[in-house]
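**Q** My structure is stored as protein.txt, with compact mmCIF, C-alpha atoms and all ligand atoms.
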# COMPACT_ATOMS: atom_id res chain seq x y z
CA LEU A 1 0.00 0.00 0.00
CA LEU A 2 2.79 2.40 0.94
CA VAL A 3 4.41 1.94 -2.44
CA LYS A 4 1.09 2.60 -4.13
CA VAL A 5 0.48 5.75 -2.11
CA ALA A 6 4.01 6.92 -2.72
CA CYS A 7 3.52 6.35 -6.43
CA GLY A 8 0.28 8.26 -6.30
CA LEU A 9 1.89 11.14 -4.51
CA ALA A 10 4.76 11.13 -6.95
CA LEU A 11 2.11 11.52 -9.62
CA PHE A 12 0.57 14.29 -7.57
CA GLY A 13 3.92 16.02 -7.33
CA PHE A 14 4.40 15.58 -11.03
CA THR A 15 1.04 17.23 -11.63
CA LEU A 16 2.12 20.28 -9.71
CA LEU A 17 5.50 20.48 -11.37
CA GLY A 18 4.62 19.51 -14.88
CA GLY A 19 1.24 21.17 -15.12
CA PRO A 20 -2.00 19.46 -16.05
CA ALA A 21 -1.12 18.83 -19.68
CA THR A 22 1.43 16.22 -18.79
CA VAL A 23 -0.85 14.06 -16.66
CA GLU A 24 -4.09 12.48 -17.62
CA ALA A 25 -7.24 13.63 -15.92
CA GLY A 26 -9.75 11.10 -14.65
CA GLN A 27 -9.45 7.36 -14.51
CA GLY A 28 -5.78 7.06 -15.30
CA SER A 29 -6.17 5.80 -18.83
CA PRO A 30 -4.73 7.20 -22.01
CA ARG A 31 -6.83 9.87 -23.57
CA PRO A 32 -6.50 12.45 -26.29
CA SER A 33 -4.81 15.69 -25.38
CA GLU A 34 -7.84 17.67 -26.56
CA THR A 35 -9.92 16.13 -23.78
CA LEU A 36 -7.27 17.17 -21.34
CA ARG A 37 -7.30 20.68 -22.57
CA ALA A 38 -11.07 20.76 -22.33
CA ALA A 39 -11.03 19.32 -18.83
CA THR A 40 -8.47 21.87 -17.80
CA ALA A 41 -10.39 24.71 -19.41
CA GLN A 42 -13.39 23.64 -17.37
CA ALA A 43 -11.60 23.94 -14.07
CA THR A 44 -12.74 27.05 -12.28
CA ALA A 45 -9.67 27.26 -10.11
CA SER A 46 -6.12 26.79 -11.29
CA PRO A 47 -5.65 23.01 -11.49
CA ALA A 48 -2.66 23.18 -9.18
CA ALA A 49 -4.87 24.58 -6.43
CA LEU A 50 -7.39 21.76 -6.61
CA PRO A 51 -7.30 18.84 -4.20
CA VAL A 52 -5.93 15.80 -6.02
CA ALA A 53 -7.32 12.34 -5.22
CA VAL A 54 -4.66 9.79 -6.11
CA ASP A 55 -6.06 6.50 -4.86
CA LEU A 56 -8.91 4.75 -3.13
CA GLN A 57 -9.18 1.63 -1.00
CA VAL A 58 -12.22 -0.35 0.04
CA GLY A 59 -12.18 -2.54 3.13
CA GLY A 60 -14.59 -4.45 5.34
CA ASP A 61 -17.50 -6.68 4.44
CA SER A 62 -21.22 -6.55 3.71
CA ALA A 63 -22.04 -5.61 7.32
CA SER A 64 -19.71 -2.63 7.37
CA THR A 65 -17.70 -1.28 4.46
CA ARG A 66 -15.09 1.45 4.59
CA ILE A 67 -14.00 3.48 1.61
CA ALA A 68 -10.94 5.71 1.89
CA PHE A 69 -9.51 8.18 -0.61
CA THR A 70 -5.92 9.37 -0.56
CA VAL A 71 -6.14 13.10 -1.17
CA SER A 72 -3.60 15.92 -1.29
CA SER A 73 -5.65 17.99 1.17
CA PRO A 74 -8.79 17.43 3.30
CA ILE A 75 -12.14 17.36 1.49
CA LYS A 76 -15.54 18.05 3.03
CA PRO A 77 -18.37 16.67 0.95
CA SER A 78 -22.06 17.01 1.58
CA VAL A 79 -23.46 13.50 1.87
CA THR A 80 -26.82 12.47 0.41
CA VAL A 81 -28.67 9.17 0.36
CA LEU A 82 -30.69 8.34 -2.73
CA GLU A 83 -32.95 5.41 -3.67
CA LYS A 84 -33.71 3.64 -6.95
CA PRO A 85 -30.97 2.64 -7.37
CA ASP A 86 -29.52 2.84 -3.83
CA ARG A 87 -26.69 5.36 -3.77
CA ILE A 88 -24.68 7.58 -1.49
CA LEU A 89 -23.59 10.85 -3.09
CA LEU A 90 -20.62 12.90 -1.94
CA ASP A 91 -20.82 16.39 -3.42
CA LEU A 92 -17.67 18.46 -3.43
CA PRO A 93 -16.04 21.51 -4.90
CA GLU A 94 -13.91 20.44 -7.85
CA VAL A 95 -11.43 17.66 -7.18
CA ASN A 96 -8.76 16.51 -9.61
CA PHE A 97 -9.26 12.72 -9.73
CA GLN A 98 -6.11 10.80 -10.67
CA ILE A 99 -7.21 7.43 -9.31
CA PRO A 100 -5.95 4.36 -11.21
CA ALA A 101 -8.85 2.59 -12.93
CA GLU A 102 -7.82 -0.64 -11.22
CA SER A 103 -8.41 0.78 -7.74
CA ALA A 104 -11.93 1.90 -8.61
CA LYS A 105 -12.77 -1.60 -9.81
CA LYS A 106 -11.86 -3.22 -6.49
CA VAL A 107 -15.18 -2.62 -4.77
CA LYS A 108 -16.67 -5.09 -2.31
CA GLY A 109 -18.94 -5.39 0.71
CA LEU A 110 -21.87 -3.00 0.50
CA LEU A 111 -20.44 -1.25 -2.54
CA LYS A 112 -21.42 -2.17 -6.06
CA SER A 113 -19.54 0.55 -7.91
CA VAL A 114 -17.67 3.79 -7.34
CA ARG A 115 -17.75 6.69 -9.77
CA TYR A 116 -16.29 10.17 -9.57
CA GLY A 117 -15.84 13.23 -11.73
CA LEU A 118 -17.27 16.57 -12.70
CA VAL A 119 -21.03 17.10 -12.61
CA GLY A 120 -20.89 20.79 -13.44
CA PRO A 121 -18.41 23.64 -13.63
CA GLY A 122 -16.37 23.57 -10.45
CA ARG A 123 -18.44 20.75 -8.96
CA SER A 124 -17.28 17.21 -8.43
CA ARG A 125 -19.18 14.25 -7.15
CA ILE A 126 -18.43 10.77 -5.88
CA VAL A 127 -21.28 8.29 -6.42
CA LEU A 128 -21.20 5.15 -4.29
CA GLU A 129 -23.64 2.69 -5.79
CA LEU A 130 -24.75 0.20 -3.16
CA ALA A 131 -25.17 -3.55 -3.53
CA GLN A 132 -27.66 -3.41 -0.66
CA PRO A 133 -28.99 -0.67 1.63
CA GLY A 134 -26.30 0.93 3.79
CA LEU A 135 -26.10 4.22 5.66
CA PRO A 136 -23.06 6.49 5.81
CA GLY A 137 -21.38 7.27 9.11
CA LYS A 138 -19.27 10.33 9.77
CA ALA A 139 -16.76 11.27 7.08
CA ILE A 140 -13.26 11.61 8.49
CA ASN A 141 -10.14 13.36 7.20
CA GLU A 142 -6.91 12.08 8.72
CA PRO A 143 -3.36 13.21 7.97
CA ILE A 144 -1.14 10.46 6.59
CA LEU A 145 2.47 10.21 5.43
CA ALA A 146 3.67 12.68 8.03
CA GLY A 147 1.05 15.20 7.00
CA ALA A 148 2.00 15.10 3.30
CA ALA A 149 -1.46 13.81 2.39
CA THR A 150 -4.89 13.14 3.81
CA SER A 151 -6.94 9.99 4.06
CA PHE A 152 -10.59 10.80 3.60
CA ALA A 153 -12.69 7.88 4.85
CA LEU A 154 -16.37 7.05 5.03
CA GLU A 155 -17.83 4.10 6.89
CA ILE A 156 -21.03 2.56 5.51
CA ARG A 157 -23.12 0.30 7.70
CA LYS A 158 -25.69 -2.19 6.54
CA ALA A 159 -29.22 -0.88 7.09
CA ASP A 160 -32.68 -2.30 6.55
CA ARG A 161 -34.79 -1.11 3.65
CA GLU A 162 -37.09 1.01 5.84
CA ALA A 163 -34.26 2.90 7.52
CA PHE A 164 -32.60 3.53 4.17
CA ALA A 165 -35.84 4.73 2.61
CA ARG A 166 -36.44 7.06 5.56
CA ALA A 167 -32.96 8.57 5.20
CA ALA A 168 -33.45 9.06 1.46
CA GLU A 169 -36.85 10.66 2.01
CA SER A 170 -35.49 13.02 4.64
CA ASP A 171 -32.59 14.07 2.38
CA ARG A 172 -35.06 14.63 -0.41
CA ARG A 173 -37.26 16.80 1.82
CA ASP A 174 -34.26 18.82 2.90
CA GLY A 175 -33.54 19.45 -0.75
CA LEU A 176 -30.20 17.73 -0.43
CA ALA A 177 -30.83 15.24 -3.18
CA ALA A 178 -29.20 16.20 -6.40
CA GLN A 179 -31.34 17.91 -8.92
CA THR A 180 -30.29 18.25 -12.50
CA ALA A 181 -26.63 18.79 -11.98
CA SER A 182 -25.32 20.13 -15.22
CA VAL A 183 -25.62 23.22 -17.30
CA LEU A 184 -25.99 23.36 -21.03
CA PRO A 185 -23.07 24.72 -23.00
CA GLY A 186 -23.24 28.40 -23.87
CA GLU A 187 -23.22 27.42 -27.50
CA ALA A 188 -26.86 26.41 -27.06
CA ALA A 189 -27.99 29.99 -27.53
CA LYS A 190 -30.05 30.27 -30.68
CA VAL A 191 -28.47 32.14 -33.51
CA ARG A 192 -30.93 34.72 -34.73
CA GLY A 193 -31.64 34.95 -38.41
CA ASP A 194 -29.72 31.79 -39.30
CA LYS A 195 -32.23 29.73 -41.25
CA ARG A 196 -29.97 26.75 -41.90
CA PRO A 197 -31.11 23.41 -40.48
CA VAL A 198 -29.64 22.68 -37.07
CA ILE A 199 -27.91 19.37 -36.46
CA ILE A 200 -27.38 18.36 -32.85
CA VAL A 201 -24.25 16.28 -32.36
CA ASP A 202 -24.55 14.52 -29.02
CA PRO A 203 -21.43 12.76 -27.73
CA GLY A 204 -22.75 10.41 -25.04
CA HIS A 205 -21.79 10.45 -21.35
CA GLY A 206 -19.10 12.83 -19.99
CA GLY A 207 -17.74 14.02 -16.68
CA ILE A 208 -18.62 11.65 -13.87
CA ASP A 209 -20.39 9.37 -16.33
CA ILE A 210 -17.57 7.68 -18.24
CA GLY A 211 -19.82 5.28 -20.17
CA ALA A 212 -18.53 1.88 -21.17
CA VAL A 213 -14.95 0.84 -20.42
CA GLY A 214 -13.47 -1.45 -23.01
CA LEU A 215 -10.23 -3.14 -23.97
CA ASN A 216 -6.98 -1.27 -23.27
CA ASP A 217 -9.00 0.89 -20.86
CA THR A 218 -10.68 2.57 -23.81
CA ILE A 219 -13.32 4.85 -22.35
CA GLU A 220 -16.56 5.51 -24.19
CA LYS A 221 -16.91 9.17 -23.21
CA ASP A 222 -13.53 9.97 -24.83
CA VAL A 223 -14.03 7.97 -28.00
CA VAL A 224 -17.44 9.49 -28.69
CA LEU A 225 -16.29 13.05 -27.98
CA ALA A 226 -13.43 12.69 -30.45
CA PHE A 227 -15.86 11.39 -33.07
CA GLY A 228 -18.39 14.13 -32.30
CA ARG A 229 -15.77 16.83 -32.84
CA THR A 230 -14.69 15.34 -36.15
CA LEU A 231 -18.31 15.09 -37.26
CA LYS A 232 -19.01 18.68 -36.25
CA ALA A 233 -16.01 20.02 -38.15
CA LYS A 234 -16.97 18.13 -41.30
CA LEU A 235 -20.60 19.19 -41.14
CA GLU A 236 -19.65 22.81 -40.63
CA SER A 237 -17.25 22.83 -43.53
CA SER A 238 -20.20 22.16 -45.85
CA GLY A 239 -21.72 25.47 -44.74
CA GLN A 240 -25.20 24.04 -45.25
CA VAL A 241 -26.08 23.35 -41.65
CA ARG A 242 -25.55 24.84 -38.23
CA VAL A 243 -24.09 22.36 -35.73
CA VAL A 244 -24.70 22.44 -32.01
CA MET A 245 -22.95 19.99 -29.70
CA THR A 246 -24.58 18.93 -26.45
CA ARG A 247 -21.09 18.80 -25.00
CA ASP A 248 -17.70 19.77 -26.36
CA SER A 249 -15.71 18.93 -23.26
CA ASP A 250 -15.53 16.30 -20.55
CA VAL A 251 -18.65 17.44 -18.73
CA PHE A 252 -21.75 15.65 -17.51
CA ILE A 253 -25.04 16.51 -19.27
CA SER A 254 -28.25 14.76 -18.24
CA LEU A 255 -30.29 12.86 -20.83
CA GLY A 256 -33.23 15.22 -20.32
CA GLU A 257 -31.09 18.27 -21.00
CA ARG A 258 -29.83 16.78 -24.25
CA VAL A 259 -33.40 16.30 -25.42
CA LYS A 260 -34.34 19.79 -24.22
CA LEU A 261 -31.51 21.30 -26.24
CA ALA A 262 -32.64 19.51 -29.41
CA ARG A 263 -36.17 20.81 -28.92
CA SER A 264 -35.20 24.37 -28.08
CA GLU A 265 -33.00 24.52 -31.18
CA GLU A 266 -35.87 23.12 -33.26
CA ALA A 267 -33.25 20.82 -34.66
CA ALA A 268 -33.64 19.04 -37.99
CA LEU A 269 -31.80 16.03 -36.64
CA PHE A 270 -30.37 14.76 -33.36
CA VAL A 271 -27.41 12.39 -33.63
CA SER A 272 -26.32 10.74 -30.41
CA ILE A 273 -22.92 9.02 -30.47
CA HIS A 274 -22.03 6.05 -28.30
CA ALA A 275 -19.87 2.93 -28.22
CA ASP A 276 -21.18 -0.28 -26.74
CA THR A 277 -19.48 -3.11 -24.91
CA LEU A 278 -20.39 -6.77 -24.68
CA GLN A 279 -17.80 -8.41 -22.44
CA ALA A 280 -19.30 -11.88 -22.83
CA SER A 281 -19.08 -11.85 -26.64
CA PRO A 282 -15.78 -10.30 -27.74
CA GLU A 283 -16.45 -11.43 -31.33
CA VAL A 284 -19.50 -9.15 -31.69
CA ARG A 285 -18.56 -5.98 -33.51
CA GLY A 286 -19.63 -3.31 -35.97
CA LEU A 287 -21.60 -0.11 -36.15
CA THR A 288 -25.32 -0.06 -35.28
CA VAL A 289 -27.91 2.70 -35.72
CA TYR A 290 -30.76 2.82 -33.20
CA THR A 291 -34.06 4.69 -33.24
CA ASN A 292 -36.61 5.09 -30.49
CA SER A 293 -39.53 2.72 -30.12
CA ASP A 294 -41.69 1.63 -27.22
CA ARG A 295 -41.06 -1.99 -28.09
CA ALA A 296 -37.46 -3.06 -28.62
CA SER A 297 -36.53 -4.67 -31.94
CA ASP A 298 -34.64 -7.40 -30.07
CA ALA A 299 -33.37 -8.36 -26.62
CA GLU A 300 -29.92 -6.97 -27.32
CA ALA A 301 -31.35 -3.53 -28.20
CA ALA A 302 -33.46 -3.58 -25.03
CA ARG A 303 -30.38 -4.37 -22.93
CA LEU A 304 -28.43 -1.55 -24.53
CA ALA A 305 -31.22 1.01 -24.05
CA GLU A 306 -31.56 0.04 -20.43
CA SER A 307 -27.84 0.47 -19.89
CA GLU A 308 -27.69 3.83 -21.72
CA ASN A 309 -30.76 5.05 -19.82
CA ARG A 310 -28.96 4.45 -16.51
CA ALA A 311 -26.55 7.32 -17.23
CA ASP A 312 -28.40 9.88 -15.11
CA ALA A 313 -28.90 7.52 -12.18
CA LEU A 314 -25.23 6.58 -12.12
CA ALA A 315 -24.28 10.25 -12.05
CA GLY A 316 -26.46 10.63 -8.98
CA LEU A 317 -29.56 12.26 -10.42
CA GLU A 318 -32.99 11.48 -9.09
CA ALA A 319 -35.21 9.39 -11.28
CA THR A 320 -37.55 11.60 -13.28
CA GLU A 321 -40.56 10.84 -15.38
CA ASP A 322 -39.84 11.92 -18.90
CA GLY A 323 -42.80 14.15 -19.52
CA GLU A 324 -43.06 14.58 -23.25
CA GLU A 325 -45.25 17.65 -22.87
CA VAL A 326 -47.00 17.15 -26.19
CA ASN A 327 -50.19 15.17 -25.71
CA GLY A 328 -53.38 14.43 -27.57
CA ILE A 329 -53.97 13.66 -31.22
CA LEU A 330 -51.57 16.34 -32.45
CA GLY A 331 -48.88 14.94 -30.22
CA ASP A 332 -49.46 11.44 -31.59
CA LEU A 333 -49.27 12.69 -35.16
CA MET A 334 -46.11 14.61 -34.39
CA ARG A 335 -44.45 11.61 -32.79
CA ARG A 336 -45.46 9.33 -35.65
CA GLU A 337 -44.04 11.73 -38.22
CA THR A 338 -40.84 12.16 -36.21
CA ARG A 339 -40.49 8.38 -35.94
CA THR A 340 -40.87 8.02 -39.70
CA TYR A 341 -38.12 10.57 -40.31
CA SER A 342 -35.87 8.98 -37.71
CA HIS A 343 -36.27 5.62 -39.46
CA LEU A 344 -35.63 7.20 -42.82
CA PHE A 345 -32.40 8.73 -41.61
CA ALA A 346 -31.31 5.50 -39.90
CA ARG A 347 -31.87 3.60 -43.15
CA THR A 348 -30.00 6.22 -45.17
CA LEU A 349 -27.10 6.11 -42.74
CA VAL A 350 -26.86 2.33 -42.76
CA GLY A 351 -26.80 2.50 -46.56
CA GLN A 352 -24.07 5.16 -46.65
CA ILE A 353 -21.80 3.74 -44.02
CA THR A 354 -21.33 0.31 -45.55
CA ALA A 355 -18.31 1.35 -47.54
CA ALA A 356 -16.51 3.12 -44.71
CA SER A 357 -17.05 0.94 -41.71
CA LYS A 358 -17.86 -2.54 -40.58
CA LEU A 359 -21.56 -2.79 -39.85
CA ASN A 360 -23.11 -4.91 -37.15
CA LYS A 361 -24.84 -8.07 -38.40
CA ASN A 362 -28.13 -6.40 -37.57
CA PRO A 363 -27.26 -2.72 -38.12
CA GLN A 364 -30.66 -1.03 -37.77
CA ARG A 365 -32.48 -1.56 -34.49
CA SER A 366 -34.79 0.20 -32.10
CA ALA A 367 -35.57 0.39 -28.39
CA ARG A 368 -36.79 2.81 -25.78
CA PHE A 369 -33.87 5.25 -25.50
CA GLN A 370 -34.43 8.16 -23.14
CA VAL A 371 -32.19 10.46 -25.17
CA LEU A 372 -34.18 9.86 -28.39
CA ARG A 373 -37.49 10.92 -26.85
CA ALA A 374 -37.90 14.40 -28.38
CA PRO A 375 -41.39 14.20 -29.93
CA ASP A 376 -40.57 16.71 -32.68
CA VAL A 377 -36.91 16.10 -33.55
CA PRO A 378 -35.90 13.08 -35.66
CA SER A 379 -33.32 11.32 -33.50
CA VAL A 380 -30.91 8.44 -33.91
CA LEU A 381 -28.27 6.89 -31.71
CA ILE A 382 -25.13 5.57 -33.38
CA GLU A 383 -23.19 2.89 -31.57
CA LEU A 384 -19.86 3.29 -33.34
CA GLY A 385 -18.78 -0.21 -32.43
CA TYR A 386 -17.98 -2.48 -29.51
CA LEU A 387 -15.26 -1.53 -27.06
CA SER A 388 -15.15 -5.24 -26.16
CA SER A 389 -14.01 -6.12 -29.69
CA LYS A 390 -10.29 -5.93 -30.37
CA SER A 391 -10.83 -4.99 -34.02
CA ASP A 392 -13.41 -2.32 -33.21
CA VAL A 393 -11.23 -0.73 -30.53
CA GLU A 394 -8.38 -0.48 -33.00
CA LEU A 395 -10.65 1.20 -35.54
CA LEU A 396 -12.34 3.54 -33.08
CA ARG A 397 -9.02 4.83 -31.80
CA ALA A 398 -7.66 5.51 -35.29
CA SER A 399 -8.15 9.02 -36.64
CA GLU A 400 -8.19 7.65 -40.18
CA TRP A 401 -11.27 5.55 -39.42
CA ARG A 402 -12.88 8.46 -37.60
CA GLU A 403 -12.49 10.67 -40.66
CA LYS A 404 -13.96 8.07 -43.02
CA ALA A 405 -16.87 7.13 -40.78
CA ALA A 406 -17.68 10.80 -40.12
CA ASP A 407 -17.63 11.41 -43.88
CA SER A 408 -20.32 8.80 -44.38
CA VAL A 409 -22.46 10.26 -41.58
CA VAL A 410 -22.13 13.66 -43.25
CA SER A 411 -23.22 12.32 -46.62
CA ALA A 412 -26.17 10.53 -45.02
CA ILE A 413 -27.19 13.82 -43.37
CA GLN A 414 -26.90 15.63 -46.70
CA THR A 415 -29.06 13.02 -48.41
CA PHE A 416 -31.60 13.20 -45.61
CA LEU A 417 -31.75 17.00 -45.73
CA ALA A 418 -31.61 17.26 -49.53
CA PRO A 419 -35.29 18.21 -50.00
CA ARG A 420 -35.07 20.87 -47.34
CA LEU A 421 -31.75 22.24 -48.56
CA ALA A 422 -33.05 22.44 -52.14
CA GLN A 423 -36.06 24.40 -50.93
CA GLN A 424 -33.80 26.79 -49.12
CA VAL A 425 -31.69 27.43 -52.19
CA GLY A 426 -34.88 27.88 -54.22
CA ALA A 427 -36.23 30.38 -51.75
CA SER A 428 -33.17 32.57 -51.81
CA ALA A 429 -32.57 32.39 -55.57
CA PRO A 430 -33.61 35.41 -57.62
CA ALA A 431 -36.96 35.03 -59.36
CA VAL A 432 -36.72 33.96 -62.98
CA PRO A 433 -38.65 36.36 -65.23
ZN ZN B 1 -23.18 5.03 -24.27
Would you mind writing the structure in this file as structure tokens?
Ligand SMILES: [Zn+2]

**A**
Amino acid sequence: LLVKVACGLALFGFTLLGGPATVEAGQGSPRPSETLRAATAQATASPAALPVAVDLQVGGDSASTRIAFTVSSPIKPSVTVLEKPDRILLDLPEVNFQIPAESAKKVKGLLKSVRYGLVGPGRSRIVLELAQPGLPGKAINEPILAGAATSFALEIRKADREAFARAAESDRRDGLAAQTASVLPGEAAKVRGDKRPVIIVDPGHGGIDIGAVGLNDTIEKDVVLAFGRTLKAKLESSGQVRVVMTRDSDVFISLGERVKLARSEEAALFVSIHADTLQASPEVRGLTVYTNSDRASDAEAARLAESENRADALAGLEATEDGEEVNGILGDLMRRETRTYSHLFARTLVGQITAASKLNKNPQRSARFQVLRAPDVPSVLIELGYLSSKSDVELLRASEWREKAADSVVSAIQTFLAPRLAQQVGASAPAVP
């Protein structure tokens, strides 16, 4: 343990000396430098001034579990208990997490998973997902290594369902439970007078929600952001559309906010970008395009939607009903029309992408995806590939593949928008005598 801590602190020292650009932010895996820059740009304080968490240890059993973080200076979180799923949230001013991915995987006892990261500008959160109900004791900061660092520890004791529910209800009443945590990027502001169709590029996950973790510690939130940026640049270079990204940095955005953005922009198309993982079947690979439907096209699609829909819960948000706001016959008509267009785009995309990328055996599917629920914006979700497939991971990390795949998405979007774009050109052309 001492060696590990010393290593961690060496890393911490390195951070201070070398500056943030030399050390990876987050789960200790390789990631593109642009993400780093974005993460750094997001920091409200100078990164050197932030507390750095370099490691975590979990001890105990399913009666009492202790989680301890090794931190450069004491941290004082506000602690909240949340049900469905059972979680303990630790909300903090921004912390620079440099915890090795391996440490975070070694959960046991009452803990099912540990997650940490940004949930908004200058705000970090640790989410302890529980395997069974457990209540937090007092959080303690203790100096270690002759005062060079701090051990921040929290004891969790097994509790019965009623006691846990009471604690969650009382936190909720006190307004402690986390509401929508994130803010939309400033880019969301509508551009007046710009009549071009708006395309929403939605890189999945971000911040505390890292998404799927695949081979070679490939992290979904990084892969999809890199693809989203490439797609945005290519779309913009055509000049025909305006592109708005739901996120352009390593920040958490709730599913509801992504949908809200698409609606407020009156977008012509919403393209959500993800990468799946299927640990049990490493041979499964290829790109898949999903649309929304109440009934899933197959069991696999249902599993995926369920896992993608958990994003908000894992980031510590309260479960919310997704009110679609538009009801009645008009609402039904609107949804039906939107669904038709979503399908049309999905089919176009599957047709266009064949040349550039390996497609999944069953490349066009549907399920109940929360993020595709805008009643008036055609929406698709692209799973670029499987992070559990060696061949897919190689492709997804290669900029050459990214360029080619993004090109085919762009041409599918142009085909899809062709009628509308032609109309626009017609409208602005001088009248023929
Ligand atoms: Zn995803």

**Q** A:Asp222, A:Glu83, A:Glu403, A:Asp217: which is nearest ligand ZN 1 (chain B), counting only C-alpha atoms and all ligand atoms?

**A**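 Among the listed residues, the smallest separation from ligand ZN 1 (chain B) belongs to A:Asp222.
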
**Q** Which residues, written as a PyMOL selection string, have at least one atom at most 8 Å from A:Leu118, with all atoms listed in the file counted and residues fewer than 2 positions away on the same chain left out?

**A** chain A and resi 94+116+120-125+207-208+251-252

**Q** List all protein, DNA and RNA residues that have an atom no more than 12 Å from any atom of ligand ZN 1 (chain B), counting all atoms listed in the file, and report them as a ChimeraX atom specification.

**A** /A:202-206,209-214,219-225,255,272-277,290,303-312,369-371,381-387

**Q** Using the selection just defined, write its residues with C-alpha atoms as a JSON list (two decimals), in the coordinates of the input.

**A**
[["chain", "number", "residue", "atom", "x", "y", "z"],
["A", 202, "ASP", "CA", -24.55, 14.52, -29.02],
["A", 203, "PRO", "CA", -21.43, 12.76, -27.73],
["A", 204, "GLY", "CA", -22.75, 10.41, -25.04],
["A", 205, "HIS", "CA", -21.79, 10.45, -21.35],
["A", 206, "GLY", "CA", -19.10, 12.83, -19.99],
["A", 209, "ASP", "CA", -20.39, 9.37, -16.33],
["A", 210, "ILE", "CA", -17.57, 7.68, -18.24],
["A", 211, "GLY", "CA", -19.82, 5.28, -20.17],
["A", 212, "ALA", "CA", -18.53, 1.88, -21.17],
["A", 213, "VAL", "CA", -14.95, 0.84, -20.42],
["A", 214, "GLY", "CA", -13.47, -1.45, -23.01],
["A", 219, "ILE", "CA", -13.32, 4.85, -22.35],
["A", 220, "GLU", "CA", -16.56, 5.51, -24.19],
["A", 221, "LYS", "CA", -16.91, 9.17, -23.21],
["A", 222, "ASP", "CA", -13.53, 9.97, -24.83],
["A", 223, "VAL", "CA", -14.03, 7.97, -28.00],
["A", 224, "VAL", "CA", -17.44, 9.49, -28.69],
["A", 225, "LEU", "CA", -16.29, 13.05, -27.98],
["A", 255, "LEU", "CA", -30.29, 12.86, -20.83],
["A", 272, "SER", "CA", -26.32, 10.74, -30.41],
["A", 273, "ILE", "CA", -22.92, 9.02, -30.47],
["A", 274, "HIS", "CA", -22.03, 6.05, -28.30],
["A", 275, "ALA", "CA", -19.87, 2.93, -28.22],
["A", 276, "ASP", "CA", -21.18, -0.28, -26.74],
["A", 277, "THR", "CA", -19.48, -3.11, -24.91],
["A", 290, "TYR", "CA", -30.76, 2.82, -33.20],
["A", 303, "ARG", "CA", -30.38, -4.37, -22.93],
["A", 304, "LEU", "CA", -28.43, -1.55, -24.53],
["A", 305, "ALA", "CA", -31.22, 1.01, -24.05],
["A", 306, "GLU", "CA", -31.56, 0.04, -20.43],
["A", 307, "SER", "CA", -27.84, 0.47, -19.89],
["A", 308, "GLU", "CA", -27.69, 3.83, -21.72],
["A", 309, "ASN", "CA", -30.76, 5.05, -19.82],
["A", 310, "ARG", "CA", -28.96, 4.45, -16.51],
["A", 311, "ALA", "CA", -26.55, 7.32, -17.23],
["A", 312, "ASP", "CA", -28.40, 9.88, -15.11],
["A", 369, "PHE", "CA", -33.87, 5.25, -25.50],
["A", 370, "GLN", "CA", -34.43, 8.16, -23.14],
["A", 371, "VAL", "CA", -32.19, 10.46, -25.17],
["A", 381, "LEU", "CA", -28.27, 6.89, -31.71],
["A", 382, "ILE", "CA", -25.13, 5.57, -33.38],
["A", 383, "GLU", "CA", -23.19, 2.89, -31.57],
["A", 384, "LEU", "CA", -19.86, 3.29, -33.34],
["A", 385, "GLY", "CA", -18.78, -0.21, -32.43],
["A", 386, "TYR", "CA", -17.98, -2.48, -29.51],
["A", 387, "LEU", "CA", -15.26, -1.53, -27.06]]

**Q** For atom CA of A:Ser238 and atom CA of A:Asn292, determine how far apart the two atoms are, in Å to one decimal place.

**A** 28.2 Å

**Q** Give me, please, the distance in Å between atom CA of A:Thr150 and atom CA of A:Gly316, quoted to one decimal.

**A**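 Going from atom CA of A:Thr150 over to atom CA of A:Gly316, I get 25.2 Å.
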
**Q** Just give me the gap between atom CA of A:Pro74 and atom CA of A:Gly134 in Å, one decimal is fine.

**A**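 It comes out at 24.1 Å.
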